[in-house]
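Beneath this line is the structure, given in structure tokens, with notes to follow.
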Amino acid sequence: LMGGVVCVIANLFFIHRFFAFGGAQNATKIVRMMYWAEILKLTISGFLFLVSIRFWHVDAFPFLIGYFIVQCSYWLSPLMFKEGKLIIQ
């Protein structure tokens with residue numbers, strides 16, 4: 001469960017940072033913001049991994065499994081939609 005929470009928190013920071021400048025007309029600025037948002041997400045993930053395992057004494061294997069499951073749900077969720085409609089019910 002804690003791994004999933006870490007994944008969600010890191011991705012919320014990514015979303016917040018990436019969409020901070022919604023009306024950008026310059027593709028270079030959009031790509032740059034995406035890279036910085038990803039770096040921030042990975043940094044926050046690493047920090048929360050360290051804190052969770054070191055200070056909260058969370059078992060590493062279940063923690064990583066939870067993180068992996070939530071991250072995979074982000075990657076696979078677009079496959080559940082076709083033309084804006086949910087295809088898996």
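So you can find residues: chains in the structure tokens are A, B, ... in the order shown, residues in each start at 1, and ligands are numbered from 1 in order.
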All residues 9 Å or closer to Ile44 (chain A), only C-alpha atoms, same chain fewer than 3 positions away omitted, as a list of chain:residue names: A:Val6, A:Ile9, A:Ala10, A:Phe13, A:Ile39, A:Leu40, A:Lys41, A:Phe47, A:Leu48, A:Phe49
I need the residues from that last selection saved to file as a PDB file, in the first residue's frame (with all heavy atoms), if you can.
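Output (again07.pdb):
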```pdb
ATOM      1  N   VAL A   6       3.382   6.274  -2.542  1.00  0.00           N
ATOM      2  CA  VAL A   6       4.579   6.977  -3.013  1.00  0.00           C
ATOM      3  C   VAL A   6       4.468   7.251  -4.512  1.00  0.00           C
ATOM      4  O   VAL A   6       4.766   8.363  -4.976  1.00  0.00           O
ATOM      5  CB  VAL A   6       5.852   6.166  -2.695  1.00  0.00           C
ATOM      6  CG1 VAL A   6       7.055   6.694  -3.454  1.00  0.00           C
ATOM      7  CG2 VAL A   6       6.114   6.181  -1.201  1.00  0.00           C
ATOM      8  N   ILE A   9       1.860  10.097  -5.079  1.00  0.00           N
ATOM      9  CA  ILE A   9       2.383  11.409  -4.668  1.00  0.00           C
ATOM     10  C   ILE A   9       3.379  11.940  -5.695  1.00  0.00           C
ATOM     11  O   ILE A   9       3.302  13.098  -6.105  1.00  0.00           O
ATOM     12  CB  ILE A   9       3.024  11.325  -3.259  1.00  0.00           C
ATOM     13  CG1 ILE A   9       1.944  11.119  -2.210  1.00  0.00           C
ATOM     14  CG2 ILE A   9       3.841  12.578  -2.958  1.00  0.00           C
ATOM     15  CD1 ILE A   9       2.482  10.814  -0.825  1.00  0.00           C
ATOM     16  N   ALA A  10       4.301  11.089  -6.129  1.00  0.00           N
ATOM     17  CA  ALA A  10       5.302  11.522  -7.109  1.00  0.00           C
ATOM     18  C   ALA A  10       4.640  11.917  -8.427  1.00  0.00           C
ATOM     19  O   ALA A  10       5.018  12.921  -9.042  1.00  0.00           O
ATOM     20  CB  ALA A  10       6.326  10.415  -7.332  1.00  0.00           C
ATOM     21  N   PHE A  13       2.980  15.371  -8.248  1.00  0.00           N
ATOM     22  CA  PHE A  13       3.952  16.451  -8.438  1.00  0.00           C
ATOM     23  C   PHE A  13       4.291  16.615  -9.918  1.00  0.00           C
ATOM     24  O   PHE A  13       4.426  17.730 -10.410  1.00  0.00           O
ATOM     25  CB  PHE A  13       5.221  16.203  -7.626  1.00  0.00           C
ATOM     26  CG  PHE A  13       5.114  16.644  -6.209  1.00  0.00           C
ATOM     27  CD1 PHE A  13       4.837  15.741  -5.211  1.00  0.00           C
ATOM     28  CD2 PHE A  13       5.277  17.973  -5.873  1.00  0.00           C
ATOM     29  CE1 PHE A  13       4.733  16.147  -3.889  1.00  0.00           C
ATOM     30  CE2 PHE A  13       5.168  18.401  -4.569  1.00  0.00           C
ATOM     31  CZ  PHE A  13       4.895  17.484  -3.575  1.00  0.00           C
ATOM     32  N   ILE A  39      12.213  14.662 -13.865  1.00  0.00           N
ATOM     33  CA  ILE A  39      13.333  14.671 -12.915  1.00  0.00           C
ATOM     34  C   ILE A  39      12.820  14.902 -11.502  1.00  0.00           C
ATOM     35  O   ILE A  39      13.248  14.232 -10.549  1.00  0.00           O
ATOM     36  CB  ILE A  39      14.378  15.737 -13.314  1.00  0.00           C
ATOM     37  CG1 ILE A  39      15.113  15.295 -14.570  1.00  0.00           C
ATOM     38  CG2 ILE A  39      15.369  16.000 -12.183  1.00  0.00           C
ATOM     39  CD1 ILE A  39      15.967  16.376 -15.204  1.00  0.00           C
ATOM     40  N   LEU A  40      11.897  15.829 -11.347  1.00  0.00           N
ATOM     41  CA  LEU A  40      11.303  16.087 -10.036  1.00  0.00           C
ATOM     42  C   LEU A  40      10.568  14.855  -9.519  1.00  0.00           C
ATOM     43  O   LEU A  40      10.696  14.485  -8.349  1.00  0.00           O
ATOM     44  CB  LEU A  40      10.342  17.279 -10.123  1.00  0.00           C
ATOM     45  CG  LEU A  40       9.609  17.652  -8.839  1.00  0.00           C
ATOM     46  CD1 LEU A  40      10.590  18.132  -7.784  1.00  0.00           C
ATOM     47  CD2 LEU A  40       8.563  18.715  -9.132  1.00  0.00           C
ATOM     48  N   LYS A  41       9.825  14.180 -10.393  1.00  0.00           N
ATOM     49  CA  LYS A  41       9.091  12.978 -10.003  1.00  0.00           C
ATOM     50  C   LYS A  41      10.043  11.882  -9.528  1.00  0.00           C
ATOM     51  O   LYS A  41       9.815  11.245  -8.495  1.00  0.00           O
ATOM     52  CB  LYS A  41       8.247  12.475 -11.163  1.00  0.00           C
ATOM     53  CG  LYS A  41       7.437  11.235 -10.826  1.00  0.00           C
ATOM     54  CD  LYS A  41       6.627  10.777 -12.011  1.00  0.00           C
ATOM     55  CE  LYS A  41       7.362   9.686 -12.722  1.00  0.00           C
ATOM     56  NZ  LYS A  41       6.560   8.987 -13.716  1.00  0.00           N
ATOM     57  N   PHE A  47      13.402   9.930  -2.816  1.00  0.00           N
ATOM     58  CA  PHE A  47      13.369  10.419  -1.444  1.00  0.00           C
ATOM     59  C   PHE A  47      12.326   9.667  -0.619  1.00  0.00           C
ATOM     60  O   PHE A  47      12.593   9.241   0.511  1.00  0.00           O
ATOM     61  CB  PHE A  47      13.088  11.921  -1.424  1.00  0.00           C
ATOM     62  CG  PHE A  47      12.923  12.477  -0.047  1.00  0.00           C
ATOM     63  CD1 PHE A  47      14.024  12.651   0.778  1.00  0.00           C
ATOM     64  CD2 PHE A  47      11.666  12.807   0.440  1.00  0.00           C
ATOM     65  CE1 PHE A  47      13.877  13.150   2.064  1.00  0.00           C
ATOM     66  CE2 PHE A  47      11.504  13.304   1.718  1.00  0.00           C
ATOM     67  CZ  PHE A  47      12.616  13.485   2.535  1.00  0.00           C
ATOM     68  N   LEU A  48      11.135   9.479  -1.181  1.00  0.00           N
ATOM     69  CA  LEU A  48      10.085   8.769  -0.450  1.00  0.00           C
ATOM     70  C   LEU A  48      10.411   7.289  -0.286  1.00  0.00           C
ATOM     71  O   LEU A  48      10.034   6.681   0.719  1.00  0.00           O
ATOM     72  CB  LEU A  48       8.732   8.970  -1.141  1.00  0.00           C
ATOM     73  CG  LEU A  48       8.175  10.385  -1.064  1.00  0.00           C
ATOM     74  CD1 LEU A  48       6.904  10.508  -1.874  1.00  0.00           C
ATOM     75  CD2 LEU A  48       7.937  10.813   0.380  1.00  0.00           C
ATOM     76  N   PHE A  49      11.106   6.698  -1.263  1.00  0.00           N
ATOM     77  CA  PHE A  49      11.584   5.316  -1.102  1.00  0.00           C
ATOM     78  C   PHE A  49      12.496   5.240   0.119  1.00  0.00           C
ATOM     79  O   PHE A  49      12.348   4.364   0.969  1.00  0.00           O
ATOM     80  CB  PHE A  49      12.392   4.886  -2.326  1.00  0.00           C
ATOM     81  CG  PHE A  49      11.611   4.250  -3.422  1.00  0.00           C
ATOM     82  CD1 PHE A  49      10.423   4.796  -3.872  1.00  0.00           C
ATOM     83  CD2 PHE A  49      12.078   3.108  -4.030  1.00  0.00           C
ATOM     84  CE1 PHE A  49       9.726   4.220  -4.902  1.00  0.00           C
ATOM     85  CE2 PHE A  49      11.392   2.516  -5.074  1.00  0.00           C
ATOM     86  CZ  PHE A  49      10.217   3.077  -5.509  1.00  0.00           C
TER      87      PHE A  49
END
```
Find the residues of region 2-40 of chain A that sit at most 9 Å from region 67-71 of chain A; for each, write down the nearest two atoms and how far apart they are in Å, to one decimal. Count only C-alpha atoms. Sort by chain, then by number going up, and give it as a Markdown table.
```
| residue | atom | partner | partner_atom | distance |
| --- | --- | --- | --- | --- |
| A:Met2 | CA | A:Tyr67 | CA | 7.8 |
| A:Gly3 | CA | A:Tyr67 | CA | 4.2 |
| A:Gly4 | CA | A:Tyr67 | CA | 4.6 |
| A:Val5 | CA | A:Tyr67 | CA | 7.7 |
| A:Val6 | CA | A:Tyr67 | CA | 7.0 |
| A:Cys7 | CA | A:Tyr67 | CA | 5.6 |
| A:Val8 | CA | A:Val70 | CA | 7.6 |
```
Write a file of the selected residues as a PDB file, in the first residue's frame, keeping N, CA, C and O atoms.
```pdb
ATOM      1  N   MET A   2       1.916   1.258   0.806  1.00  0.00           N
ATOM      2  CA  MET A   2       2.772   2.437   0.905  1.00  0.00           C
ATOM      3  C   MET A   2       3.481   2.719  -0.417  1.00  0.00           C
ATOM      4  O   MET A   2       3.656   3.876  -0.799  1.00  0.00           O
ATOM      5  N   GLY A   3       3.862   1.681  -1.150  1.00  0.00           N
ATOM      6  CA  GLY A   3       4.490   1.871  -2.453  1.00  0.00           C
ATOM      7  C   GLY A   3       3.556   2.561  -3.427  1.00  0.00           C
ATOM      8  O   GLY A   3       3.962   3.427  -4.198  1.00  0.00           O
ATOM      9  N   GLY A   4       2.285   2.187  -3.396  1.00  0.00           N
ATOM     10  CA  GLY A   4       1.295   2.840  -4.240  1.00  0.00           C
ATOM     11  C   GLY A   4       1.116   4.303  -3.886  1.00  0.00           C
ATOM     12  O   GLY A   4       0.964   5.155  -4.766  1.00  0.00           O
ATOM     13  N   VAL A   5       1.138   4.609  -2.600  1.00  0.00           N
ATOM     14  CA  VAL A   5       1.007   5.992  -2.146  1.00  0.00           C
ATOM     15  C   VAL A   5       2.188   6.824  -2.629  1.00  0.00           C
ATOM     16  O   VAL A   5       2.014   7.953  -3.105  1.00  0.00           O
ATOM     17  N   VAL A   6       3.382   6.274  -2.542  1.00  0.00           N
ATOM     18  CA  VAL A   6       4.579   6.977  -3.013  1.00  0.00           C
ATOM     19  C   VAL A   6       4.468   7.251  -4.512  1.00  0.00           C
ATOM     20  O   VAL A   6       4.766   8.363  -4.976  1.00  0.00           O
ATOM     21  N   CYS A   7       4.004   6.289  -5.260  1.00  0.00           N
ATOM     22  CA  CYS A   7       3.854   6.459  -6.706  1.00  0.00           C
ATOM     23  C   CYS A   7       2.835   7.546  -7.030  1.00  0.00           C
ATOM     24  O   CYS A   7       3.076   8.398  -7.888  1.00  0.00           O
ATOM     25  N   VAL A   8       1.717   7.548  -6.329  1.00  0.00           N
ATOM     26  CA  VAL A   8       0.682   8.559  -6.569  1.00  0.00           C
ATOM     27  C   VAL A   8       1.194   9.952  -6.216  1.00  0.00           C
ATOM     28  O   VAL A   8       1.000  10.912  -6.977  1.00  0.00           O
TER      29      VAL A   8
END
```
Closest of A:Leu42, A:Leu1, A:Val58, A:Val31 to Phe14 (chain A) - atom-to-atom distances counting only C-alpha atoms: A:Leu42
Test item, alpha helix (DSSP H) assignment across chain A, answer as a PyMOL selection string: chain A and resi 2-18+27-54+60-76
Residues near Leu79 (chain A), cut-off 10 Å, only C-alpha atoms, skip fewer than 6 positions along chain, as a ChimeraX atom specification: /A:86-88
Grab the residues selected above and save them as a PDB file, in the first residue's frame with N, CA, C and O atoms.
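And here's part24.pdb as it stands now:
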```pdb
ATOM      1  N   LEU A  86     -14.801   3.762 -22.400  1.00  0.00           N
ATOM      2  CA  LEU A  86     -14.234   2.619 -21.694  1.00  0.00           C
ATOM      3  C   LEU A  86     -14.630   1.339 -22.425  1.00  0.00           C
ATOM      4  O   LEU A  86     -15.817   1.100 -22.682  1.00  0.00           O
ATOM      5  N   ILE A  87     -13.641   0.508 -22.767  1.00  0.00           N
ATOM      6  CA  ILE A  87     -13.938  -0.728 -23.504  1.00  0.00           C
ATOM      7  C   ILE A  87     -13.931  -1.953 -22.607  1.00  0.00           C
ATOM      8  O   ILE A  87     -14.425  -2.994 -22.995  1.00  0.00           O
ATOM      9  N   ILE A  88     -13.402  -1.845 -21.393  1.00  0.00           N
ATOM     10  CA  ILE A  88     -13.373  -2.958 -20.452  1.00  0.00           C
ATOM     11  C   ILE A  88     -14.403  -2.684 -19.375  1.00  0.00           C
ATOM     12  O   ILE A  88     -14.334  -1.673 -18.695  1.00  0.00           O
TER      13      ILE A  88
END
```
Gap from CA of Glu38 (chain A) to CA of Phe61 (chain A) - Å, one decimal: 24.1 Å
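As for CA of Phe63 (chain A) and CA of Met33 (chain A), they are spaced 29.1 Å apart.
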